[in-house]
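Below: data_37.txt (compact mmCIF, C-alpha atoms and all ligand atoms)
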```
# COMPACT_ATOMS: atom_id res chain seq x y z
CA MET A 382 8.00 21.79 -7.59
CA ALA A 383 8.09 21.31 -3.85
CA LEU A 384 11.10 20.97 -1.56
CA TYR A 385 10.85 18.39 1.23
CA LYS A 386 12.97 18.27 4.39
CA THR A 387 12.73 15.30 6.75
CA ARG A 388 14.72 12.81 8.78
CA ALA A 389 15.00 9.53 6.88
CA ILE A 390 16.61 6.10 6.81
CA ALA A 391 17.84 4.71 3.48
CA ILE A 392 16.39 1.22 3.02
CA LYS A 393 17.62 0.32 -0.48
CA SER A 394 20.13 1.72 -2.94
CA ILE A 395 20.64 0.51 -6.52
CA ASN A 396 22.75 1.75 -9.44
CA LEU A 397 20.77 3.45 -12.18
CA SER A 398 23.59 4.37 -14.55
CA GLU A 399 27.32 5.11 -14.61
CA SER A 400 26.85 7.96 -12.18
CA ASP A 401 23.36 7.86 -10.68
CA ARG A 402 21.75 5.85 -7.91
CA LEU A 403 18.12 5.17 -7.05
CA VAL A 404 17.66 5.29 -3.27
CA THR A 405 14.52 4.23 -1.38
CA PHE A 406 14.03 5.99 1.96
CA MET A 407 11.70 5.51 4.91
CA THR A 408 11.12 9.14 5.85
CA GLU A 409 9.74 10.49 9.08
CA ASN A 410 7.24 12.92 7.52
CA HIS A 411 6.37 11.56 4.07
CA GLY A 412 6.41 7.75 4.32
CA LYS A 413 8.37 5.63 1.86
CA VAL A 414 9.97 7.72 -0.89
CA LYS A 415 12.17 6.96 -3.93
CA CYS A 416 14.82 9.49 -4.98
CA VAL A 417 17.28 9.66 -7.86
CA ALA A 418 20.71 10.72 -6.58
CA LYS A 419 22.46 12.33 -9.54
CA GLY A 420 26.22 11.86 -9.59
CA ALA A 421 26.11 9.87 -6.37
CA ARG A 422 28.35 7.13 -7.72
CA LYS A 423 31.11 9.60 -8.55
CA ILE A 424 31.29 11.60 -5.36
CA LYS A 425 33.09 9.61 -2.70
CA ASN A 426 32.36 11.84 0.26
CA GLN A 427 29.91 12.40 3.09
CA PHE A 428 27.10 12.78 0.57
CA TRP A 429 27.77 9.25 -0.68
CA ALA A 430 28.07 7.78 2.83
CA ALA A 431 24.70 9.26 3.75
CA LEU A 432 23.08 7.14 1.03
CA GLU A 433 24.26 3.84 2.48
CA PRO A 434 21.27 1.76 3.64
CA MET A 435 20.54 1.90 7.38
CA SER A 436 22.02 5.38 8.05
CA LEU A 437 19.78 7.91 9.78
CA ILE A 438 20.07 11.18 7.86
CA HIS A 439 18.69 14.65 7.30
CA LEU A 440 17.24 14.44 3.79
CA ILE A 441 16.28 17.22 1.40
CA TYR A 442 14.62 16.28 -1.89
CA PHE A 443 12.32 17.88 -4.42
CA GLY A 444 9.73 17.04 -7.03
CA LYS A 445 6.06 17.34 -7.88
CA GLU A 446 3.50 16.32 -5.29
CA HIS A 447 1.90 12.85 -5.85
CA GLN A 448 4.64 11.72 -8.20
CA SER A 449 6.48 8.50 -7.42
CA LEU A 450 10.07 9.55 -8.16
CA PHE A 451 11.90 12.53 -6.61
CA ARG A 452 15.31 14.16 -7.01
CA LEU A 453 17.71 14.08 -4.08
CA ASN A 454 19.02 17.51 -3.19
CA HIS A 455 21.06 17.03 -0.03
CA SER A 456 21.74 14.46 2.69
CA ASP A 457 23.62 14.68 5.99
CA ILE A 458 24.39 11.78 8.29
CA ILE A 459 22.94 11.96 11.80
CA GLU A 460 23.85 8.39 12.85
CA SER A 461 25.55 5.67 10.80
CA PHE A 462 24.96 2.78 13.26
CA GLN A 463 28.54 1.63 12.77
CA THR A 464 28.32 -1.13 15.43
CA ILE A 465 25.67 -2.86 13.28
CA ARG A 466 27.93 -2.76 10.22
CA ASP A 467 30.86 -4.29 12.16
CA ASP A 468 28.99 -7.45 13.21
CA PHE A 469 27.52 -9.90 10.65
CA ASP A 470 24.70 -11.08 12.89
CA LYS A 471 23.59 -7.50 13.54
CA LEU A 472 24.14 -6.50 9.92
CA TYR A 473 21.90 -9.25 8.51
CA THR A 474 19.27 -8.48 11.14
CA GLY A 475 19.35 -4.80 10.12
CA ILE A 476 19.10 -5.70 6.43
CA TYR A 477 16.15 -7.97 7.28
CA PHE A 478 14.39 -5.02 8.97
CA LEU A 479 14.97 -2.84 5.89
CA ASP A 480 13.75 -5.62 3.55
CA LEU A 481 10.60 -6.07 5.62
CA ILE A 482 9.82 -2.35 5.47
CA ASP A 483 10.43 -2.31 1.72
CA ALA A 484 8.17 -5.33 1.17
CA MET A 485 5.32 -4.37 3.50
CA ILE A 486 5.04 -0.58 3.34
CA LEU A 487 3.58 1.18 0.30
CA GLU A 488 4.75 4.54 -0.99
CA GLY A 489 2.64 7.66 -0.71
CA HIS A 490 1.35 7.18 2.84
CA ARG A 491 2.55 9.07 5.89
CA GLU A 492 3.92 6.40 8.24
CA VAL A 493 5.33 8.16 11.32
CA LYS A 494 4.98 5.06 13.52
CA VAL A 495 6.75 2.83 11.01
CA PHE A 496 9.65 5.28 10.80
CA SER A 497 9.80 5.38 14.60
CA LEU A 498 9.75 1.56 14.84
CA LEU A 499 12.61 1.30 12.35
CA HIS A 500 14.64 4.08 13.96
CA GLN A 501 14.25 2.72 17.51
CA SER A 502 14.91 -0.86 16.38
CA LEU A 503 18.16 0.10 14.61
CA ALA A 504 19.25 2.04 17.70
CA ALA A 505 18.50 -1.04 19.86
CA LEU A 506 20.27 -3.32 17.38
CA ASN A 507 23.31 -1.04 17.58
CA GLN A 508 23.45 -1.54 21.37
CA GLN A 509 21.95 -4.89 22.30
CA SER A 510 23.75 -8.23 22.20
CA GLU A 511 20.72 -10.55 22.53
CA LEU A 512 19.07 -10.11 19.10
CA GLU A 513 16.30 -12.72 19.02
CA PRO A 514 13.74 -10.74 21.10
CA LEU A 515 14.32 -7.67 18.90
CA ARG A 516 13.78 -9.65 15.66
CA ARG A 517 10.48 -11.05 16.94
CA LEU A 518 9.45 -7.63 18.26
CA PHE A 519 10.12 -5.98 14.90
CA GLU A 520 8.08 -8.62 13.03
CA ILE A 521 5.03 -8.49 15.27
CA ARG A 522 5.00 -4.68 15.55
CA LEU A 523 5.41 -4.11 11.84
CA LEU A 524 2.57 -6.58 11.19
CA SER A 525 0.47 -4.71 13.69
CA LEU A 526 1.25 -1.26 12.18
CA ALA A 527 0.43 -2.66 8.73
CA GLY A 528 -3.00 -3.72 10.07
CA TYR A 529 -2.28 -7.44 10.58
CA GLN A 530 -1.98 -7.75 14.35
CA PRO A 531 -3.05 -11.30 15.26
CA GLN A 532 -5.96 -11.79 17.66
CA LEU A 533 -4.40 -13.32 20.81
CA GLU A 534 -6.98 -12.40 23.46
CA HIS A 535 -9.94 -14.53 22.46
CA CYS A 536 -11.11 -16.92 19.73
CA VAL A 537 -10.96 -14.98 16.46
CA LEU A 538 -14.19 -16.61 15.23
CA CYS A 539 -16.52 -16.74 18.26
CA ARG A 540 -14.69 -14.49 20.82
CA LYS A 541 -14.64 -17.20 23.50
CA ALA A 542 -11.67 -16.91 25.90
CA PRO A 543 -9.03 -19.63 25.39
CA GLN A 544 -8.81 -22.47 27.91
CA ASN A 545 -5.60 -23.17 29.78
CA GLY A 546 -3.09 -25.47 28.14
CA LEU A 547 -2.19 -25.52 24.47
CA ILE A 548 -3.68 -22.74 22.34
CA SER A 549 -4.61 -23.41 18.70
CA PHE A 550 -3.75 -20.76 16.11
CA SER A 551 -4.79 -20.26 12.48
CA TYR A 552 -2.61 -18.23 10.06
CA ALA A 553 -5.52 -17.90 7.64
CA HIS A 554 -7.80 -16.40 10.31
CA ASN A 555 -4.83 -14.57 11.94
CA GLY A 556 -5.80 -15.49 15.48
CA ILE A 557 -6.30 -18.08 18.15
CA LEU A 558 -9.19 -20.55 18.01
CA CYS A 559 -11.25 -22.12 20.82
CA ASN A 560 -11.60 -25.90 20.89
CA SER A 561 -14.93 -26.02 19.09
CA CYS A 562 -13.97 -23.53 16.34
CA CYS A 563 -10.68 -25.41 15.98
CA ARG A 564 -12.55 -28.68 15.35
CA ARG A 565 -14.59 -26.93 12.66
CA ALA A 566 -12.02 -24.64 11.01
CA GLY A 567 -8.77 -26.51 11.74
CA SER A 568 -5.65 -24.90 13.16
CA ASP A 569 -2.10 -24.56 11.80
CA ILE A 570 -0.11 -24.71 15.03
CA GLN A 571 -0.55 -25.00 18.76
CA PHE A 572 1.48 -23.10 21.32
CA SER A 573 1.68 -22.60 25.06
CA THR A 574 0.09 -19.81 27.08
CA GLY A 575 3.69 -18.68 27.82
CA THR A 576 4.30 -18.07 24.10
CA ARG A 577 1.07 -16.11 23.77
CA ASN A 578 1.93 -13.93 26.77
CA TYR A 579 5.46 -13.36 25.47
CA ILE A 580 4.15 -12.12 22.10
CA LYS A 581 1.71 -9.82 23.89
CA LYS A 582 4.65 -8.38 25.85
CA LEU A 583 6.59 -7.81 22.60
CA LEU A 584 3.74 -5.57 21.48
CA GLU A 585 3.99 -3.38 24.59
CA VAL A 586 7.60 -3.34 25.83
CA GLU A 587 9.93 -0.38 25.27
CA ILE A 588 12.12 -1.26 22.31
CA LYS A 589 15.35 -0.14 23.96
CA THR A 590 14.88 -2.61 26.84
CA CYS A 591 13.41 -5.54 24.90
CA GLU A 592 16.52 -7.72 25.25
CA ARG A 593 15.61 -8.09 28.93
CA LEU A 594 12.54 -10.04 27.82
CA LYS A 595 14.15 -13.47 28.04
CA PHE A 596 12.41 -16.13 25.99
CA PRO A 597 10.45 -18.66 28.01
CA LYS A 598 12.70 -21.74 28.15
CA GLY A 599 12.56 -23.91 25.02
CA GLN A 600 10.09 -21.63 23.27
CA THR A 601 12.41 -19.74 20.91
CA ASP A 602 11.26 -21.83 17.93
CA GLU A 603 7.63 -21.70 18.99
CA ILE A 604 7.64 -17.89 19.09
CA GLU A 605 9.39 -17.68 15.73
CA LYS A 606 6.75 -20.04 14.31
CA VAL A 607 4.11 -17.47 15.17
CA THR A 608 5.71 -14.11 14.30
CA HIS A 609 7.92 -15.12 11.38
CA ARG A 610 5.31 -17.45 9.88
CA LEU A 611 2.77 -14.61 10.06
CA ILE A 612 5.19 -12.50 8.00
CA LEU A 613 5.51 -15.35 5.49
CA SER A 614 1.78 -15.91 5.23
CA HIS A 615 1.29 -12.18 4.73
CA LEU A 616 4.06 -11.70 2.13
CA GLY A 617 3.65 -15.10 0.46
CA ARG A 618 7.44 -15.50 0.25
CA GLU A 619 10.61 -15.57 2.31
CA LEU A 620 12.84 -12.49 2.14
CA LYS A 621 16.37 -13.13 0.87
CA SER A 622 18.04 -11.78 4.02
CA TYR A 623 16.29 -14.12 6.45
CA PRO A 624 18.19 -17.37 5.69
CA PHE A 625 21.44 -15.50 6.52
CA ILE A 626 20.16 -14.83 10.04
CA LYS A 627 19.25 -18.48 10.46
CA ASN A 628 22.68 -19.58 9.21
CA MET A 629 24.41 -17.18 11.61
CA ALA A 630 22.40 -18.67 14.49
CA GLU A 631 23.63 -22.17 13.61
CA LEU A 632 27.32 -21.23 13.49
ZN ZN A 701 -14.33 -20.10 18.84
```
Write-out of the structure in structure tokens:
Amino acid sequence: MALYKTRAIAIKSINLSESDRLVTFMTENHGKVKCVAKGARKIKNQFWAALEPMSLIHLIYFGKEHQSLFRLNHSDIIESFQTIRDDFDKLYTGIYFLDLIDAMILEGHREVKVFSLLHQSLAALNQQSELEPLRRLFEIRLLSLAGYQPQLEHCVLCRKAPQNGLISFSYAHNGILCNSCCRRAGSDIQFSTGTRNYIKKLLEVEIKTCERLKFPKGQTDEIEKVTHRLILSHLGRELKSYPFIKNMAEL
């Protein structure tokens, strides 16, 4: 048996029995981990609050190496991100981030950068009021950390630089296409150079200041069509939390 200590963020929590819960964590040192929390449904205290999804905690758990299920030993809240929980738009955005991590990240791999992306994005979500840049940033950076960063510099098939004007993009090839490759392979969407440059900035900007990256006028939908559609084409399905964000935006 080994004892593990790490910072972690709970991403999912489900009831296992009358008294036990199964909690999935994104940990800083050991990647995505599933723990059984014995008696967690009975104890209404700090221990319980620390198992709420989205909280940043100190986590101690134990089990055999290379097994898929561990036993929770102790958890202490570092930051509960209360401002996110008090605002529906922020809450659904946070849940969407957790769902994306759960769907895209496999257990058993050390993922320090994914933990850092999630931690910094929740901290930004807790503070920022303009949420759209952060949502797009989270999508494109998670795709990139998972090995699916789209090719935006040059044609993904022949490496020719794109011409000015509308740029053709293929989801299947995960990159932009030059005019001749586009005629041959066919593209899924076309977008402006402004959209391409904006997405490149999302990959580089500091997360805590990303709300200053104002969308190029009239291109909010165009940018979503690239980053969110890339998520869809990668996962093959829409996550349940995403329609809530869209509904909130229409209210
Ligand atoms: Zn080409």
Contacts of Ile395 in chain A within 12 Å, all atoms listed in the file, excl. fewer than 3 positions in-chain, as an MDAnalysis selection string | chainID A and resid 391:392 398:405 415:418 421:422 432:434
Go through chain A and flag each residue having an atom no more than 7 Å from ligand ZN 701 (chain A); for those, report the closest pair of atoms plus their distance in Å to one decimal, using all atoms listed in the file, ordered by chain and rising number, as a Markdown table.
```
| residue | atom | partner | partner_atom | distance |
| --- | --- | --- | --- | --- |
| A:Cys536 | CA | A:ZN701 | ZN | 4.6 |
| A:Val537 | CA | A:ZN701 | ZN | 6.6 |
| A:Leu538 | CA | A:ZN701 | ZN | 5.0 |
| A:Cys539 | CA | A:ZN701 | ZN | 4.1 |
| A:Arg540 | CA | A:ZN701 | ZN | 6.0 |
| A:Lys541 | CA | A:ZN701 | ZN | 5.5 |
| A:Leu558 | CA | A:ZN701 | ZN | 5.2 |
| A:Cys559 | CA | A:ZN701 | ZN | 4.2 |
| A:Asn560 | CA | A:ZN701 | ZN | 6.7 |
| A:Ser561 | CA | A:ZN701 | ZN | 6.0 |
| A:Cys562 | CA | A:ZN701 | ZN | 4.3 |
```
Rank A:Ala553, A:Ala630, A:Ser497, A:Lys598 by their smallest atom-to-atom distance to Leu613 in chain A, using all atoms listed in the file, and report the top residue only.
-> A:Ala553
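For the choices A:Ala484, A:Ile521, A:Ala383, A:Val493, the atom-to-atom distance to Glu585 in chain A is smallest for A:Ile521 when using all atoms listed in the file.
With all atoms listed in the file as the atoms that count, the minimum distance from Asn410 in chain A to the choices A:Val495, A:Leu472, A:Leu503, A:Ile459 is reached by A:Val495.
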With all atoms listed in the file as the basis for distance, which of A:Leu515, A:Glu603, A:Thr574, A:Tyr529 is at the shortest distance from Gln544 in chain A?
-> A:Thr574
Which distance in Å separates CA of Met485 in chain A and CA of Phe462 in chain A, to one decimal?
-> 23.1 Å
Pick from A:Lys494, A:His447, A:Lys621, A:Lys419, whichever lies nearest to Ser525 in chain A using all atoms listed in the file |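 Distance minimum relative to Ser525 in chain A lands on A:Lys494.
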